[in-house]
Each structure stands twice: as structure tokens, then as C-alpha cells.
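Data file: final24.cif. Format and content: mmCIF, C-alpha atoms.
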data_input
#
loop_
_atom_site.label_atom_id
_atom_site.label_comp_id
_atom_site.auth_asym_id
_atom_site.auth_seq_id
_atom_site.Cartn_x
_atom_site.Cartn_y
_atom_site.Cartn_z
CA MET A 1 0.00 0.00 0.00
CA SER A 2 1.20 3.52 -0.65
CA PRO A 3 2.57 5.69 2.16
CA GLU A 4 -0.27 8.16 1.59
CA ALA A 5 -2.85 5.43 2.27
CA LEU A 6 -1.31 4.29 5.53
CA PRO A 7 -3.67 4.88 8.48
CA PRO A 8 -2.48 6.90 11.48
CA SER A 9 -1.02 5.22 14.53
CA ARG A 10 -3.50 2.49 15.49
CA ARG A 11 -3.17 3.06 19.23
CA SER A 12 -2.72 6.81 19.27
CA LEU A 13 -5.73 7.25 21.54
CA LEU A 14 -5.04 4.35 23.87
CA ARG A 15 -5.47 5.15 27.55
CA ALA A 16 -4.81 2.21 29.86
CA GLY A 17 -5.50 1.75 33.54
CA THR A 18 -7.55 4.83 34.35
CA ALA A 19 -9.92 5.01 37.28
CA ALA A 20 -12.65 3.94 34.85
CA ALA A 21 -11.05 0.51 34.76
CA LEU A 22 -11.70 -0.02 38.44
CA ALA A 23 -15.36 0.78 37.98
CA LEU A 24 -15.56 -2.06 35.46
CA THR A 25 -13.93 -4.73 37.60
CA ALA A 26 -15.23 -7.07 40.24
CA SER A 27 -12.69 -7.63 43.01
CA GLY A 28 -10.19 -5.90 40.76
CA CYS A 29 -9.85 -8.75 38.30
CA GLY A 30 -12.98 -9.22 36.23
CA PHE A 31 -16.30 -7.91 35.01
CA SER A 32 -19.34 -8.11 37.20
CA SER A 33 -21.22 -11.24 36.20
CA ALA A 34 -24.55 -10.81 34.47
CA GLY A 35 -26.04 -13.26 36.95
CA ASP A 36 -28.17 -15.07 34.36
CA PRO A 37 -27.66 -18.85 34.70
CA ALA A 38 -29.48 -19.59 31.45
CA GLY A 39 -27.37 -17.01 29.63
CA GLN A 40 -24.18 -18.39 31.16
CA GLU A 41 -25.12 -21.91 30.06
CA ALA A 42 -25.85 -20.70 26.53
CA ALA A 43 -22.47 -18.98 26.40
CA GLN A 44 -20.76 -22.34 26.90
CA LYS A 45 -22.55 -24.13 24.05
CA PRO A 46 -20.57 -24.84 20.88
CA ILE A 47 -21.16 -22.30 18.14
CA ASP A 48 -22.47 -23.50 14.79
CA VAL A 49 -20.02 -22.18 12.22
CA LYS A 50 -22.43 -20.78 9.67
CA VAL A 51 -23.80 -17.48 8.42
CA ASP A 52 -26.40 -16.33 10.92
CA GLY A 53 -26.47 -12.61 10.04
CA ASP A 54 -24.24 -9.67 9.26
CA LEU A 55 -21.06 -9.24 11.32
CA VAL A 56 -21.25 -6.53 13.99
CA TYR A 57 -17.55 -5.72 14.47
CA PHE A 58 -15.95 -3.72 17.33
CA ASN A 59 -12.22 -2.97 17.22
CA TRP A 60 -9.56 -0.26 17.02
CA ALA A 61 -9.97 1.83 13.88
CA ASP A 62 -8.04 0.69 10.80
CA PHE A 63 -6.96 -2.62 12.29
CA VAL A 64 -8.03 -4.82 9.37
CA ASP A 65 -7.10 -4.31 5.72
CA PRO A 66 -10.25 -3.10 3.89
CA ALA A 67 -9.49 -5.61 1.13
CA VAL A 68 -9.86 -8.43 3.68
CA PHE A 69 -13.25 -7.10 4.77
CA GLU A 70 -14.32 -6.89 1.13
CA GLY A 71 -13.25 -10.47 0.46
CA PHE A 72 -15.15 -11.76 3.50
CA GLN A 73 -18.32 -9.89 2.57
CA LYS A 74 -18.19 -11.16 -1.00
CA GLU A 75 -17.50 -14.79 -0.08
CA TYR A 76 -20.24 -15.08 2.54
CA GLY A 77 -22.79 -12.57 1.28
CA VAL A 78 -22.83 -10.55 4.50
CA LYS A 79 -22.02 -7.00 5.55
CA VAL A 80 -19.44 -5.98 8.14
CA VAL A 81 -21.04 -3.35 10.37
CA GLN A 82 -18.11 -1.55 11.99
CA SER A 83 -17.82 0.34 15.26
CA ASN A 84 -14.54 1.46 16.82
CA TYR A 85 -13.25 2.19 20.31
CA ASP A 86 -10.29 4.30 21.42
CA SER A 87 -9.49 2.44 24.65
CA MET A 88 -10.05 -0.90 26.35
CA GLU A 89 -12.08 0.94 28.98
CA GLY A 90 -14.32 2.29 26.24
CA MET A 91 -14.85 -1.20 24.85
CA ALA A 92 -15.65 -2.57 28.30
CA ALA A 93 -18.10 0.22 29.06
CA LYS A 94 -20.04 -0.53 25.87
CA LEU A 95 -20.21 -4.23 26.73
CA ASN A 96 -21.28 -3.52 30.31
CA ALA A 97 -24.00 -1.20 28.99
CA GLY A 98 -25.48 -4.14 27.07
CA ASN A 99 -24.35 -3.19 23.57
CA ARG A 100 -24.25 -6.25 21.32
CA TYR A 101 -21.31 -7.03 19.07
CA ASP A 102 -20.39 -10.24 17.31
CA ILE A 103 -16.62 -9.90 17.65
CA VAL A 104 -14.30 -7.81 19.82
CA PHE A 105 -10.51 -7.64 20.18
CA PRO A 106 -9.39 -7.32 23.82
CA THR A 107 -5.77 -7.25 24.91
CA ALA A 108 -4.62 -10.16 27.08
CA LYS A 109 -5.49 -8.74 30.49
CA TRP A 110 -8.84 -7.47 29.27
CA ALA A 111 -9.60 -10.87 27.76
CA GLN A 112 -9.02 -12.30 31.23
CA ARG A 113 -11.47 -9.80 32.74
CA LEU A 114 -14.12 -10.55 30.13
CA ALA A 115 -13.78 -14.31 30.47
CA ALA A 116 -13.79 -14.17 34.29
CA GLY A 117 -16.98 -12.11 34.17
CA GLY A 118 -18.78 -14.57 31.92
CA ARG A 119 -18.89 -12.10 29.04
CA LEU A 120 -17.44 -14.34 26.31
CA ARG A 121 -18.67 -17.34 24.33
CA THR A 122 -16.46 -20.41 24.33
CA ILE A 123 -14.67 -21.05 21.04
CA ASP A 124 -14.22 -24.65 19.88
CA HIS A 125 -10.91 -24.51 18.04
CA SER A 126 -11.65 -27.81 16.28
CA ARG A 127 -14.34 -25.96 14.32
CA LEU A 128 -11.81 -23.50 12.91
CA ARG A 129 -9.90 -24.83 9.91
CA GLY A 130 -7.09 -22.34 10.51
CA ALA A 131 -6.66 -23.05 14.22
CA GLU A 132 -3.82 -25.53 13.79
CA SER A 133 -1.62 -22.92 12.14
CA VAL A 134 -1.94 -20.86 15.33
CA PHE A 135 -1.90 -23.37 18.15
CA ALA A 136 0.53 -25.87 16.61
CA GLY A 137 2.88 -23.11 15.52
CA TYR A 138 2.69 -21.01 18.69
CA GLY A 139 2.31 -23.40 21.60
CA TYR A 140 2.26 -20.57 24.13
CA PHE A 141 -1.33 -19.82 23.14
CA ASN A 142 -2.55 -23.35 23.87
CA ASP A 143 -2.86 -22.39 27.52
CA PRO A 144 -2.13 -18.69 28.07
CA TRP A 145 -2.34 -17.20 31.55
CA TYR A 146 -5.23 -14.93 30.59
CA ASP A 147 -7.56 -17.65 29.21
CA ALA A 148 -7.04 -21.26 30.29
CA GLY A 149 -6.86 -23.45 27.20
CA SER A 150 -7.67 -20.39 25.08
CA ALA A 151 -11.25 -21.45 25.74
CA HIS A 152 -12.69 -18.04 24.83
CA THR A 153 -10.05 -16.50 22.57
CA VAL A 154 -7.86 -16.89 19.51
CA PRO A 155 -4.74 -14.66 19.37
CA PHE A 156 -4.93 -11.89 16.76
CA THR A 157 -1.72 -9.83 17.00
CA MET A 158 1.45 -9.70 19.08
CA TYR A 159 3.63 -6.73 19.94
CA LYS A 160 6.25 -5.52 22.37
CA THR A 161 7.37 -2.18 23.72
CA GLY A 162 10.73 -0.52 23.21
CA ILE A 163 12.34 2.76 22.20
CA GLY A 164 12.18 4.38 18.78
CA TRP A 165 14.71 7.09 17.98
CA ARG A 166 16.30 9.20 15.29
CA ARG A 167 19.74 7.89 14.44
CA ASP A 168 20.47 11.04 12.44
CA ARG A 169 20.32 13.09 15.65
CA LEU A 170 21.45 10.69 18.38
CA GLY A 171 23.57 8.01 16.75
CA ASP A 172 23.44 4.58 18.39
CA LEU A 173 21.83 3.86 21.75
CA THR A 174 22.90 1.44 24.46
CA GLY A 175 19.94 -0.98 24.55
CA SER A 176 18.63 0.06 27.96
CA TRP A 177 15.64 1.94 29.36
CA ASP A 178 18.35 4.33 30.62
CA ASP A 179 18.50 5.65 27.05
CA LEU A 180 15.36 7.68 27.68
CA TRP A 181 17.51 9.80 29.98
CA ASN A 182 19.95 10.51 27.10
CA ALA A 183 21.20 14.08 27.60
CA GLY A 184 21.36 14.66 23.84
CA ALA A 185 17.60 14.12 23.52
CA LYS A 186 16.60 16.27 26.50
CA GLY A 187 13.34 18.07 25.83
CA LYS A 188 12.53 15.90 22.81
CA VAL A 189 11.58 12.62 24.50
CA PHE A 190 8.07 11.20 24.59
CA VAL A 191 6.69 8.31 26.61
CA LEU A 192 3.43 6.56 25.83
CA ASP A 193 0.26 8.03 27.31
CA ASP A 194 -0.40 4.69 28.98
CA ARG A 195 -0.31 3.88 32.67
CA ASP A 196 0.96 0.31 32.47
CA GLU A 197 3.61 1.05 29.86
CA VAL A 198 5.13 4.01 31.69
CA LEU A 199 5.03 2.49 35.16
CA GLY A 200 6.33 -0.70 33.56
CA LEU A 201 9.44 0.91 32.11
CA GLY A 202 10.23 2.40 35.53
CA ALA A 203 9.74 -0.95 37.22
CA LEU A 204 11.91 -2.82 34.70
CA LYS A 205 14.66 -0.21 34.98
CA LEU A 206 14.69 -0.85 38.74
CA GLY A 207 14.46 -4.64 38.46
CA LEU A 208 10.96 -4.70 39.98
CA PRO A 209 7.93 -6.77 38.85
CA LEU A 210 6.43 -5.29 35.69
CA THR A 211 2.96 -4.67 37.13
CA THR A 212 3.78 -4.24 40.79
CA GLY A 213 0.97 -2.94 42.97
CA ASP A 214 3.16 -2.66 46.06
CA ALA A 215 3.08 0.90 47.41
CA PRO A 216 6.77 1.12 48.47
CA GLU A 217 7.88 -0.29 45.10
CA LEU A 218 5.61 2.13 43.26
CA ALA A 219 7.13 4.99 45.27
CA ARG A 220 10.53 4.00 43.90
CA VAL A 221 9.06 3.87 40.39
CA THR A 222 7.53 7.33 40.64
CA ASP A 223 10.79 8.75 42.00
CA THR A 224 12.64 7.30 39.02
CA LEU A 225 10.10 8.64 36.55
CA ARG A 226 10.16 12.05 38.23
CA SER A 227 13.82 12.27 37.27
CA LEU A 228 12.78 11.68 33.65
CA ARG A 229 10.37 14.64 33.56
CA PRO A 230 13.03 17.26 32.65
CA HIS A 231 13.82 15.19 29.55
CA LEU A 232 10.21 14.83 28.41
CA ARG A 233 8.42 16.80 25.77
CA GLY A 234 5.22 14.98 26.65
CA PHE A 235 3.07 11.87 26.90
CA SER A 236 1.83 10.64 23.53
CA SER A 237 0.82 7.34 22.00
CA ASP A 238 1.23 8.68 18.46
CA SER A 239 4.78 7.46 18.50
CA TYR A 240 5.72 7.15 14.86
CA ASN A 241 4.25 10.47 13.78
CA ASN A 242 6.24 12.24 16.51
CA LEU A 243 9.43 10.73 15.10
CA LEU A 244 8.54 11.38 11.48
CA ASN A 245 7.65 15.03 11.94
CA GLY A 246 10.67 15.74 14.15
CA ASN A 247 8.73 16.46 17.36
CA ALA A 248 10.62 13.61 18.99
CA ASP A 249 14.22 12.53 18.92
CA MET A 250 13.27 9.53 21.03
CA THR A 251 10.02 7.89 22.13
CA GLN A 252 8.75 4.89 23.98
CA ALA A 253 6.94 2.94 21.26
CA TRP A 254 4.99 -0.15 20.32
CA SER A 255 6.79 -2.39 17.86
CA GLY A 256 3.84 -2.53 15.48
CA ASP A 257 3.67 1.24 15.18
CA MET A 258 7.38 1.38 14.43
CA ALA A 259 6.89 -1.19 11.68
CA ALA A 260 4.04 0.87 10.24
CA MET A 261 6.25 3.96 10.31
CA LEU A 262 8.65 2.33 7.87
CA ALA A 263 6.07 2.67 5.09
CA GLN A 264 6.12 6.46 5.52
CA ALA A 265 9.81 7.05 6.15
CA GLU A 266 11.67 8.40 3.12
CA ASP A 267 14.88 6.92 4.54
CA PRO A 268 14.39 4.16 7.15
CA ALA A 269 18.10 4.38 8.05
CA VAL A 270 17.33 7.68 9.79
CA PHE A 271 15.39 5.78 12.47
CA GLY A 272 16.02 2.98 14.93
CA PHE A 273 14.05 0.73 17.27
CA GLU A 274 15.47 -1.16 20.24
CA THR A 275 14.17 -3.27 23.08
CA ALA A 276 15.76 -2.87 26.49
CA ARG A 277 17.95 -5.53 28.05
CA GLU A 278 16.11 -5.01 31.36
CA GLY A 279 12.99 -6.37 29.66
CA ALA A 280 10.48 -5.55 26.92
CA PRO A 281 6.77 -5.79 27.76
CA VAL A 282 4.88 -8.03 25.36
CA ASN A 283 1.17 -8.18 24.63
CA SER A 284 -1.43 -9.81 22.43
CA ASP A 285 -4.76 -8.69 21.03
CA CYS A 286 -7.32 -11.50 20.80
CA TYR A 287 -10.36 -12.45 18.79
CA ALA A 288 -13.30 -12.92 21.18
CA ILE A 289 -17.05 -13.39 20.76
CA PRO A 290 -19.23 -11.67 23.39
CA ALA A 291 -21.72 -13.85 25.25
CA ASN A 292 -24.63 -11.77 23.92
CA ALA A 293 -23.51 -11.81 20.27
CA ARG A 294 -26.45 -12.11 17.90
CA HIS A 295 -24.41 -13.66 15.09
CA PRO A 296 -21.73 -15.89 16.66
CA GLY A 297 -21.71 -18.24 13.66
CA THR A 298 -20.72 -15.41 11.33
CA ALA A 299 -18.09 -14.35 13.88
CA MET A 300 -16.56 -17.84 13.74
CA LEU A 301 -16.48 -17.69 9.95
CA PHE A 302 -14.76 -14.31 10.18
CA ILE A 303 -12.08 -15.61 12.56
CA ASP A 304 -11.44 -18.55 10.23
CA TYR A 305 -11.28 -16.25 7.21
CA MET A 306 -8.82 -13.99 9.00
CA LEU A 307 -6.60 -16.99 9.82
CA ARG A 308 -6.05 -17.88 6.16
CA PRO A 309 -2.36 -17.20 5.48
CA GLU A 310 -3.05 -15.00 2.46
CA ASN A 311 -5.28 -12.76 4.59
CA VAL A 312 -2.86 -12.76 7.51
CA LYS A 313 -0.09 -11.56 5.20
CA LYS A 314 -2.27 -8.75 3.83
CA ASN A 315 -3.14 -7.64 7.32
CA ILE A 316 0.44 -7.76 8.58
CA GLU A 317 1.49 -5.47 5.76
CA TYR A 318 -1.45 -3.15 6.43
CA ILE A 319 -1.23 -2.68 10.20
CA GLY A 320 2.44 -3.43 10.92
CA TYR A 321 1.73 -5.95 13.69
CA PRO A 322 2.81 -9.60 13.51
CA MET A 323 0.23 -12.35 13.89
CA PRO A 324 0.86 -15.77 15.42
CA VAL A 325 -0.01 -17.80 12.33
CA ARG A 326 2.54 -20.33 11.12
CA GLY A 327 3.87 -19.61 7.65
CA THR A 328 3.50 -15.82 7.81
CA GLU A 329 6.68 -15.04 9.77
CA ASP A 330 8.71 -14.15 6.67
CA THR A 331 6.17 -11.50 5.71
CA TYR A 332 6.67 -9.67 8.98
CA ALA A 333 10.44 -10.18 8.99
CA ALA A 334 10.66 -8.59 5.54
CA LEU A 335 8.48 -5.69 6.65
CA VAL A 336 10.69 -4.90 9.66
CA GLU A 337 14.09 -5.70 8.15
CA PRO A 338 15.45 -2.28 9.23
CA PHE A 339 14.05 -2.86 12.77
CA PRO A 340 14.74 -6.54 13.55
CA GLN A 341 13.94 -6.07 17.25
CA CYS A 342 10.29 -5.53 16.27
CA VAL A 343 9.98 -9.28 15.69
CA VAL A 344 8.06 -11.04 18.48
CA THR A 345 9.32 -14.57 19.08
CA THR A 346 8.06 -17.49 21.14
CA GLU A 347 10.91 -16.73 23.53
CA ASP A 348 9.53 -13.22 24.00
CA LEU A 349 6.17 -14.75 24.92
CA LYS A 350 7.76 -17.17 27.37
CA ALA A 351 9.56 -14.31 29.12
CA ASP A 352 6.09 -13.57 30.55
CA LEU A 353 6.38 -9.79 30.54
CA PHE A 354 2.65 -9.31 30.00
CA PHE A 355 0.74 -6.66 31.91
CA ARG A 356 -1.39 -8.42 34.52
CA ASN A 357 -4.58 -7.57 36.36
CA GLY A 358 -4.10 -6.73 40.03
CA ASP A 359 -6.44 -6.67 42.98
CA GLN A 360 -8.38 -3.52 43.82
CA ARG A 361 -5.76 -2.25 46.25
CA GLY A 362 -2.96 -2.74 43.76
CA GLU A 363 -4.93 -1.15 40.92
CA ARG A 364 -5.73 1.88 43.06
CA ALA A 365 -2.07 2.21 44.00
CA ARG A 366 -1.10 2.06 40.32
CA ASP A 367 -3.70 4.69 39.42
CA ALA A 368 -2.38 6.96 42.17
CA ALA A 369 1.21 6.47 40.98
CA TRP A 370 0.20 7.25 37.40
CA THR A 371 -1.59 10.41 38.50
CA GLU A 372 1.56 11.48 40.32
CA VAL A 373 3.76 10.77 37.31
CA LYS A 374 1.52 12.73 34.95
CA ALA A 375 1.29 15.66 37.36
CA GLY A 376 5.07 15.82 37.59
#
Full structure transcribed into C-alpha cells:
Amino acid sequence: MSPEALPPSRRSLLRAGTAAALALTASGCGFSSAGDPAGQEAAQKPIDVKVDGDLVYFNWADFVDPAVFEGFQKEYGVKVVQSNYDSMEGMAAKLNAGNRYDIVFPTAKWAQRLAAGGRLRTIDHSRLRGAESVFAGYGYFNDPWYDAGSAHTVPFTMYKTGIGWRRDRLGDLTGSWDDLWNAGAKGKVFVLDDRDEVLGLGALKLGLPLTTGDAPELARVTDTLRSLRPHLRGFSSDSYNNLLNGNADMTQAWSGDMAAMLAQAEDPAVFGFETAREGAPVNSDCYAIPANARHPGTAMLFIDYMLRPENVKKNIEYIGYPMPVRGTEDTYAALVEPFPQCVVTTEDLKADLFFRNGDQRGERARDAAWTEVKAG
């Protein structure tokens, strides 16, 4: 696709871990259950994989190649009715309000909350022709921490967090979170506008657990991040545009957005992307079917269509995020050849640096720490 057609940063409006998240959790780890035994039983029944209506789709904007949508609609004679959210909290609020969608795309920890709250249909992987290419090729997802046995999810994308920078202004970096404190970039550094990511980099720099909710440990994290404030230009999740337009010399960034940036860069050699030796957070977006979906059969057909290698490759090239489907790895590797550390491997998944859900006390402590960091 041409650089002019490339969508803006997919997660530029992401806001994670706000106080709104606590309002959506039960005991800090899940959604409040609907309390309908009949509905809960229905949610566990196998889904007939057949067209049962148009697909009501709820995801980040521009996260599927339009050509893939067109192919699905033509093959199955259905329409894709799209709605978009700009945060996981926004998605959760819509589901809690009773809005009905056929397919949603939660991140790992939000998939755990949805499943724990009884908000997802079970997915029988044996009914998906493309399932083997995922679960045989990426064994981690056979039993991920956020969804035992992947009973309610199929992984959609993978990504990790690192540092993007301008080589033309800073030269080489050292491969550490300490690089954000680089004196040469002072005043032109951005970090993501994301609670977990920013607190996470501070925790990793100090050798603490990635998603600590311990108040004394969080005090150390906020002290460390306070020392970064003189270097910051701001908090922004539009990482690649900040680098491209020169607003940033350095930015905390998601690997997928850095891969997408390559399609716009006149000279990719001007830019770099590194992951820190202290640890790189990793995450996964998932396919999931809400318990109240009106057209779960069409949703299953859509997941299976999306798992076809030819469609996976199109989508990788469109959004810049790798997908755990065997046989598509070379497509992503070619896309990120200038940024090899964008590649997410099975070893990255096993390192277990996923953001986790905490209890209410820990989540409140993290919200308070984030408020302090943002206030300076």
C-alpha cells in the first residue's frame, strides 16, 4: 500500500488503567457477572459455524485491511457493520452497557477480565480450519495465563514495547531503558500516554515486577520517573508520527507502530528501534465473541477467514503488527528488516512480561502512581 494510504497510529488514543477501569472490575480482576444462569449456560454451548447474520464488528480503527473485509463480505454474502473504540475501557463500558457485538478484540489482560466475568462465548478450536496454524505453531497460546486453554479467545496480533529514535540526531543507543535519559535528547523525548507502559518501564529499569501494585515499590518507580520529567516533551501514543515530523528525537513505542512507520519514512536508516535488556513488555490482542452476540456463527467464519495465510499476510502489511499464524513469519520479517527487534518470538512470549490484572488495592495504587507521574 502507498505511504499516503497508511492509516495513522493504530493506538494513538489508547489510555490504559484509568480510574474507569476499576469501575468495570469485580474484586479488581474481572467484570461483574450478568447473573443469568441460562445465559451463562448458553455462552458455553458450541457455536455453529455458519452465516447467521451480518457481522457486527468492534475494534480499534483501521486494524483490518479493507481488502480483507471486502473479500469476507463477497464470499459469505454478508455486511461488516463496523464500530470502533479508542481504549479498552471504552470497549468494556459498551459491553457492560449491554451493547451487542459479534466480535471484539481485547488485549490479554482485558480478555481475562471478560472471560472471568462470563462475558465471552467459548470457542471450539476444532471448528476453525485455521486453528492448527496458530496453536501448533505457537504453543504458548494453547494455555495462556489470561484464558485457560484459550477457551474463549484466539490470538490476533502480538507486539512488544521498546524505544524508537532518530539515528540522524542521536547516533546509536545502548539498549537500555536508561537511554530515555539521554542528555542529547533532553526536551525531545516522549513516553506513551499509557499507565501500564510508563510504570512498567520504571519498574523494569529498577528490576521490579512489571505490574507491581506494592506501594513502596511504586514509590521508587515514581521517583525514578520524576527524574525523567526534565527530559520529556510529553506523553503521547502517536509514537511514529512524533518521530517522522521531528517532534521527537526519542520515544517509547509499540513495535507494530514502528513497523508501520517504515512505510512512511523516506529513509528508514534515519530511524532505529530497540528493546531494552532489562525487559520488553509483550502483549497480544485477541479475537473474542461476546456472550450476547447475535451472530456468533458469522463471527466464527470471520475468525477462520482472518486466519487464512493469504489474509494474515495482507493484514500484517497493512497494520504493521505480527500475527501468530505459522507460515507468515517471513512477511513480517521482511516488513521490519530495518528494525529486527520488532519481531516477536516465542521466547519473548515465554519471558512472561505481559501486563497483569491486580487486585483492587494494587490497581488503586497504580492509578495513584500514574496520577503522580503525569502531574510531575
message: Which residues are close to Asp257 in chain A, i.e. within 7 Å by all atoms listed in the file, leaving aside same-chain residues fewer than 3 positions away? Reply as a ChimeraX atom specification.
response: /A:9,240,254,260-261,320
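Across A:Tyr318, A:Asp348, A:Asn59, A:Glu75, the tightest approach to Lys94 in chain A is made by A:Asn59 when counting all atoms listed in the file.
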- request: Pick out the closest residue to Thr107 in chain A from this set: A:Ile316, A:Val325, A:Arg233, A:Pro155. Count all atoms listed in the file.
  value: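 Distance minimum relative to Thr107 in chain A lands on A:Pro155.
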task: Write out as a list in words each polymer residue whose atoms come within 10 Å of Leu206 in chain A, counting all atoms listed in the file; drop sequence neighbours fewer than 6 positions from it.
output: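 Here the qualifying residues turn out to be Trp177, Gly200, Glu217, Arg220, Val221, Thr224 and Glu278 of chain A.
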Once you count all atoms listed in the file, which residues end up no further than 10 Å from (15.5, -8.0, 28.0) in the file's frame, shown as a compact mmCIF listing (two decimals) with C-alpha atoms, in the frame of the given file?
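Okay, selection_37.txt is ready:
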# COMPACT_ATOMS: atom_id res chain seq x y z
CA GLY A 175 19.94 -0.98 24.55
CA SER A 176 18.63 0.06 27.96
CA LEU A 204 11.91 -2.82 34.70
CA THR A 275 14.17 -3.27 23.08
CA ALA A 276 15.76 -2.87 26.49
CA ARG A 277 17.95 -5.53 28.05
CA GLU A 278 16.11 -5.01 31.36
CA GLY A 279 12.99 -6.37 29.66
CA ALA A 280 10.48 -5.55 26.92
CA PRO A 281 6.77 -5.79 27.76
CA ASP A 348 9.53 -13.22 24.00
CA ALA A 351 9.56 -14.31 29.12
CA LEU A 353 6.38 -9.79 30.54
Check which residues of range 121-159 of chain A sit at most 10 Å from range 290-298 of chain A using only C-alpha atoms, and return one row each with the closest pair of atoms and their distance in Å to one decimal, ordered by chain and rising number, as CSV.
residue,atom,partner,partner_atom,distance
A:Arg121,CA,A:Ala291,CA,4.7
A:Thr122,CA,A:Ala291,CA,8.5
A:Ile123,CA,A:Pro296,CA,9.8
A:His152,CA,A:Pro290,CA,9.2
query: Between CA of Gln73 in chain A and CA of Met91 in chain A, what is the spacing in Å?
result: 24.2 Å
- line: From CA of Glu337 in chain A to CA of Met158 in chain A the spacing works out at 17.2 Å
- request: Convert the output of the PyMOL selection byres ((chain A and resi 326) around 12) on the shown file into explicit residues, formatted as a PyMOL selection string.
  value: chain A and resi 130-139+307-310+312-313+322-325+327-332+345-346
The PyMOL selection byres ((chain A and resi 339) around 12) resolved against shown file, as a PyMOL selection string: chain A and resi 162-165+255-262+268-275+320+332-338+340-344
